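Everything on this sheet refers to the single structure shown next.
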Amino acid sequence: MEIAQIVSKRSTCIRRKVGAIIVKEKRILSTGYNGAPVSLAHCTETGCMREKLEIAPGERHELCRGLHAEQNAIIQAAYHGVSIKEAVLYSTHLPCSICMKMLINAGIRSIVYKEGYPDDLSIQLISEAKIELHKV
């Protein structure tokens, strides 16, 4: 979890700095932090679209310039051809419902997180998928 915290420091999100790592057999497979796609301006440069539109945390995830840390960790693994099936995700925050659906389909077997996130659907999905969930 300490490594996920360090990764979160690379985040360019103004509202919440999130870091994630995907681990299998005690080896880090990929990392991710929340921020804009490659070569696009970050919120630190443009300002926060969500704040301007007064969108509450946990709602309207699509209205954001950035990708979530978990999404970036999955994309990094795919980009480099690394299977994350049966791996563990360590995240500074509970993944949102969109990320949770991606993690379920990617074959993640367990999720360890530090801080909560206001998205009730996320908890319902993880429970239904029978993926281990641990708050530390």
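We label chains A, B, ... in the order they appear in the structure tokens, count residues from 1 in each chain, and number ligands from 1 in the order shown.
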Show me, as a tab-separated table, the residues of stretch 27-83 of chain A having an atom within 10 Å of stretch 110-118 of chain A, each with the closest atom pair and its distance in Å, using only C-alpha atoms.
```
residue	atom	partner	partner_atom	distance
A:Ala56	CA	A:Pro118	CA	9.3
A:Pro57	CA	A:Pro118	CA	6.6
A:Gly58	CA	A:Pro118	CA	5.1
A:Glu59	CA	A:Pro118	CA	8.5
```
**Report entry** Residues near A:Arg15, cut-off 9 Å, only C-alpha atoms, skip fewer than 4 positions along chain, as a PyMOL selection string
**Finding:** chain A and resi 48+50-51
Query raised in the report: Which residues, written as a list in words, have at least one atom at most 7 Å from A:Ala20, with only C-alpha atoms counted and residues fewer than 3 positions away on the same chain left out?
Result: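 Listed by chain and then number, they are Ala4, Thr31, Gly32, Tyr33, Ala69, Glu70, Ala73, Leu89, Tyr90, Ser91 and Thr92 of chain A.
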Report task. With a distance cut-off of 12 Å and only C-alpha atoms, select the neighbouring residues of A:Ile74, excluding the residue or stretch itself and same-chain residues fewer than 5 positions from it, and output the selection as number ranges by chain. Result -> A: 20-23, 29-33, 67-69, 79-85, 87-89, 99-108
Please, could you write that set of residues out with N, CA, C and O atoms as a short mmCIF file (atom, residue, chain, number, x, y, z; two decimals), in the first residue's frame?
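File produced: again-v2.cif:
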```
data_model
loop_
_atom_site.label_atom_id
_atom_site.label_comp_id
_atom_site.auth_asym_id
_atom_site.auth_seq_id
_atom_site.Cartn_x
_atom_site.Cartn_y
_atom_site.Cartn_z
N ALA A 20 -2.55 3.26 -7.76
CA ALA A 20 -2.91 1.84 -7.78
C ALA A 20 -1.74 1.03 -8.31
O ALA A 20 -1.00 1.49 -9.18
N ILE A 21 -1.59 -0.16 -7.76
CA ILE A 21 -0.60 -1.10 -8.29
C ILE A 21 -1.27 -2.46 -8.42
O ILE A 21 -2.15 -2.81 -7.64
N ILE A 22 -0.87 -3.20 -9.41
CA ILE A 22 -1.37 -4.55 -9.62
C ILE A 22 -0.20 -5.50 -9.38
O ILE A 22 0.87 -5.34 -9.96
N VAL A 23 -0.45 -6.46 -8.48
CA VAL A 23 0.61 -7.35 -8.00
C VAL A 23 0.20 -8.81 -8.18
O VAL A 23 -0.96 -9.16 -7.96
N LEU A 29 3.15 -5.78 -11.33
CA LEU A 29 2.94 -5.94 -12.76
C LEU A 29 2.72 -4.60 -13.45
O LEU A 29 3.14 -4.41 -14.58
N SER A 30 2.00 -3.70 -12.79
CA SER A 30 1.75 -2.38 -13.37
C SER A 30 1.35 -1.40 -12.28
O SER A 30 0.97 -1.80 -11.18
N THR A 31 1.44 -0.13 -12.64
CA THR A 31 1.04 0.93 -11.72
C THR A 31 0.15 1.91 -12.47
O THR A 31 0.16 1.95 -13.71
N GLY A 32 -0.58 2.70 -11.73
CA GLY A 32 -1.40 3.74 -12.34
C GLY A 32 -1.73 4.82 -11.35
O GLY A 32 -1.78 4.58 -10.15
N TYR A 33 -1.93 6.01 -11.85
CA TYR A 33 -2.40 7.13 -11.04
C TYR A 33 -3.41 7.89 -11.87
O TYR A 33 -3.46 7.75 -13.09
N LEU A 67 -8.27 9.85 -16.43
CA LEU A 67 -8.55 8.43 -16.24
C LEU A 67 -8.27 8.12 -14.77
O LEU A 67 -7.44 8.77 -14.14
N HIS A 68 -8.94 7.12 -14.25
CA HIS A 68 -8.70 6.72 -12.87
C HIS A 68 -7.42 5.89 -12.77
O HIS A 68 -6.98 5.29 -13.75
N ALA A 69 -6.86 5.85 -11.58
CA ALA A 69 -5.61 5.11 -11.35
C ALA A 69 -5.75 3.64 -11.74
O ALA A 69 -4.86 3.06 -12.36
N TYR A 79 -0.98 -2.56 -22.47
CA TYR A 79 -0.04 -1.91 -23.40
C TYR A 79 1.26 -2.70 -23.51
O TYR A 79 1.84 -2.82 -24.58
N HIS A 80 1.69 -3.26 -22.38
CA HIS A 80 2.94 -4.02 -22.35
C HIS A 80 2.74 -5.54 -22.45
O HIS A 80 3.69 -6.30 -22.33
N GLY A 81 1.49 -5.97 -22.69
CA GLY A 81 1.21 -7.39 -22.88
C GLY A 81 1.37 -8.22 -21.62
O GLY A 81 1.76 -9.39 -21.70
N VAL A 82 1.03 -7.66 -20.47
CA VAL A 82 1.17 -8.36 -19.20
C VAL A 82 -0.20 -8.80 -18.70
O VAL A 82 -1.10 -7.97 -18.53
N SER A 83 -0.37 -10.09 -18.48
CA SER A 83 -1.63 -10.60 -17.97
C SER A 83 -1.77 -10.25 -16.49
O SER A 83 -0.85 -10.44 -15.71
N ILE A 84 -2.96 -9.75 -16.14
CA ILE A 84 -3.22 -9.43 -14.74
C ILE A 84 -4.28 -10.37 -14.15
O ILE A 84 -4.77 -10.15 -13.05
N LYS A 85 -4.59 -11.43 -14.87
CA LYS A 85 -5.55 -12.42 -14.39
C LYS A 85 -5.05 -13.02 -13.07
O LYS A 85 -3.88 -13.37 -12.95
N ALA A 87 -4.53 -11.52 -10.31
CA ALA A 87 -3.65 -10.61 -9.57
C ALA A 87 -4.44 -9.88 -8.49
O ALA A 87 -5.66 -9.99 -8.39
N VAL A 88 -3.72 -9.12 -7.69
CA VAL A 88 -4.30 -8.32 -6.60
C VAL A 88 -4.09 -6.85 -6.94
O VAL A 88 -3.00 -6.44 -7.36
N LEU A 89 -5.13 -6.05 -6.75
CA LEU A 89 -5.03 -4.60 -6.92
C LEU A 89 -4.89 -3.96 -5.54
O LEU A 89 -5.67 -4.25 -4.64
N CYS A 99 -14.57 1.42 -12.62
CA CYS A 99 -13.29 0.71 -12.46
C CYS A 99 -13.53 -0.71 -11.96
O CYS A 99 -12.86 -1.65 -12.38
N MET A 100 -14.51 -0.86 -11.05
CA MET A 100 -14.79 -2.18 -10.50
C MET A 100 -15.21 -3.15 -11.60
O MET A 100 -14.76 -4.29 -11.64
N LYS A 101 -16.03 -2.68 -12.54
CA LYS A 101 -16.45 -3.54 -13.65
C LYS A 101 -15.26 -3.94 -14.51
O LYS A 101 -15.15 -5.09 -14.95
N MET A 102 -14.35 -3.01 -14.72
CA MET A 102 -13.14 -3.30 -15.50
C MET A 102 -12.26 -4.31 -14.76
O MET A 102 -11.73 -5.25 -15.37
N LEU A 103 -12.11 -4.14 -13.46
CA LEU A 103 -11.28 -5.04 -12.66
C LEU A 103 -11.87 -6.45 -12.64
O LEU A 103 -11.14 -7.44 -12.71
N ILE A 104 -13.18 -6.55 -12.55
CA ILE A 104 -13.86 -7.85 -12.58
C ILE A 104 -13.56 -8.55 -13.91
O ILE A 104 -13.13 -9.70 -13.94
N ASN A 105 -13.74 -7.84 -15.02
CA ASN A 105 -13.51 -8.44 -16.34
C ASN A 105 -12.03 -8.72 -16.60
O ASN A 105 -11.71 -9.60 -17.40
N ALA A 106 -11.14 -8.00 -15.94
CA ALA A 106 -9.70 -8.22 -16.13
C ALA A 106 -9.21 -9.43 -15.33
O ALA A 106 -8.07 -9.86 -15.50
N GLY A 107 -10.07 -9.99 -14.47
CA GLY A 107 -9.69 -11.19 -13.72
C GLY A 107 -9.00 -10.92 -12.39
O GLY A 107 -8.37 -11.83 -11.83
N ILE A 108 -9.09 -9.71 -11.88
CA ILE A 108 -8.50 -9.40 -10.57
C ILE A 108 -9.20 -10.25 -9.52
O ILE A 108 -10.43 -10.34 -9.50
#
```
Report task. Return the single residue from A:Ile3, A:Val136, A:Val38, A:Ile123 that is closest to A:Ile75, with distances computed using only C-alpha atoms. Result ->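 Nearest candidate to A:Ile75 out of A:Ile3, A:Val136, A:Val38, A:Ile123: A:Val38.
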Requested in this report: Show which residues sit within 12 Å of A:Gln124, as a PyMOL selection string. Count only C-alpha atoms, and ignore same-chain residues fewer than 3 positions away.
Outcome: chain A and resi 96-97+100-101+119-121+127-131+133
Expected file: the selected residues, N, CA, C and O atoms, as a short mmCIF file (atom, residue, chain, number, x, y, z; two decimals), in the first residue's frame:
```
data_model
loop_
_atom_site.label_atom_id
_atom_site.label_comp_id
_atom_site.auth_asym_id
_atom_site.auth_seq_id
_atom_site.Cartn_x
_atom_site.Cartn_y
_atom_site.Cartn_z
N CYS A 96 -14.17 3.01 -8.07
CA CYS A 96 -15.55 3.37 -8.41
C CYS A 96 -16.20 2.20 -9.16
O CYS A 96 -15.54 1.23 -9.52
N SER A 97 -17.49 2.31 -9.42
CA SER A 97 -18.20 1.21 -10.08
C SER A 97 -17.70 0.96 -11.50
O SER A 97 -17.65 -0.19 -11.94
N MET A 100 -14.51 -0.86 -11.05
CA MET A 100 -14.79 -2.18 -10.50
C MET A 100 -15.21 -3.15 -11.60
O MET A 100 -14.76 -4.29 -11.64
N LYS A 101 -16.03 -2.68 -12.54
CA LYS A 101 -16.45 -3.54 -13.65
C LYS A 101 -15.26 -3.94 -14.51
O LYS A 101 -15.15 -5.09 -14.95
N ASP A 119 -19.57 5.40 -3.67
CA ASP A 119 -20.19 4.74 -4.83
C ASP A 119 -20.73 3.39 -4.36
O ASP A 119 -20.01 2.40 -4.33
N ASP A 120 -22.00 3.37 -3.96
CA ASP A 120 -22.61 2.16 -3.42
C ASP A 120 -22.63 1.01 -4.43
O ASP A 120 -22.51 -0.15 -4.06
N LEU A 121 -22.78 1.33 -5.71
CA LEU A 121 -22.81 0.28 -6.73
C LEU A 121 -21.49 -0.49 -6.77
O LEU A 121 -21.48 -1.70 -7.00
N SER A 127 -19.22 -7.52 -4.38
CA SER A 127 -19.84 -8.58 -3.59
C SER A 127 -20.42 -9.65 -4.51
O SER A 127 -20.21 -10.85 -4.28
N GLU A 128 -21.10 -9.22 -5.55
CA GLU A 128 -21.71 -10.16 -6.49
C GLU A 128 -20.65 -10.96 -7.25
O GLU A 128 -20.83 -12.13 -7.55
N ALA A 129 -19.53 -10.32 -7.55
CA ALA A 129 -18.46 -10.98 -8.30
C ALA A 129 -17.63 -11.92 -7.43
O ALA A 129 -16.81 -12.67 -7.93
N LYS A 130 -17.85 -11.85 -6.12
CA LYS A 130 -17.13 -12.70 -5.16
C LYS A 130 -15.61 -12.48 -5.22
O LYS A 130 -14.83 -13.43 -5.11
N ILE A 131 -15.23 -11.24 -5.41
CA ILE A 131 -13.81 -10.87 -5.36
C ILE A 131 -13.53 -10.42 -3.94
O ILE A 131 -14.31 -9.68 -3.34
N LEU A 133 -12.32 -8.37 -0.89
CA LEU A 133 -12.16 -6.93 -0.70
C LEU A 133 -11.64 -6.70 0.72
O LEU A 133 -12.20 -7.23 1.68
#
```
Query - Distance in Å - atom CA of A:His134 versus atom CA of A:Glu25 - result: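 Interatomic distance, atom CA of A:His134 to atom CA of A:Glu25: 17.6 Å.
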Query raised in the report: Where in stretch 72-124 of chain A does DSSP assign strand (DSSP E or B), given as a list in words?
Result: Val88, Leu89, Tyr90, Ser91, Thr92, His93, Ser110, Ile111, Val112, Tyr113, Lys114 and Glu115 of chain A
Query raised in the report: So which residues touch A:Ile14 within 9 Å, counting only C-alpha atoms, skipping near sequence neighbours fewer than 5 positions away, as a VMD selection string?
Result: chain A and resid 43 to 44 47 to 48
Requested in this report: Work out how far apart atom CA of A:His42 and atom CA of A:Val18 are and give it in Å to one decimal.
Outcome: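 So the two atoms, atom CA of A:His42 and atom CA of A:Val18, lie 14.7 Å apart.
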Query raised in the report: So which residues of chain A fall under helix (DSSP H, G or I) by DSSP, listed as number ranges by chain?
Result: A: 2-8, 43-46, 49-52, 69-79, 97-106, 120-129
Report task. Record the distance separating atom CA of A:Ile28 and atom CA of A:Ser122, expressed in Å with one decimal. Result ->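 Calculated distance between atom CA of A:Ile28 and atom CA of A:Ser122 is 24.2 Å.
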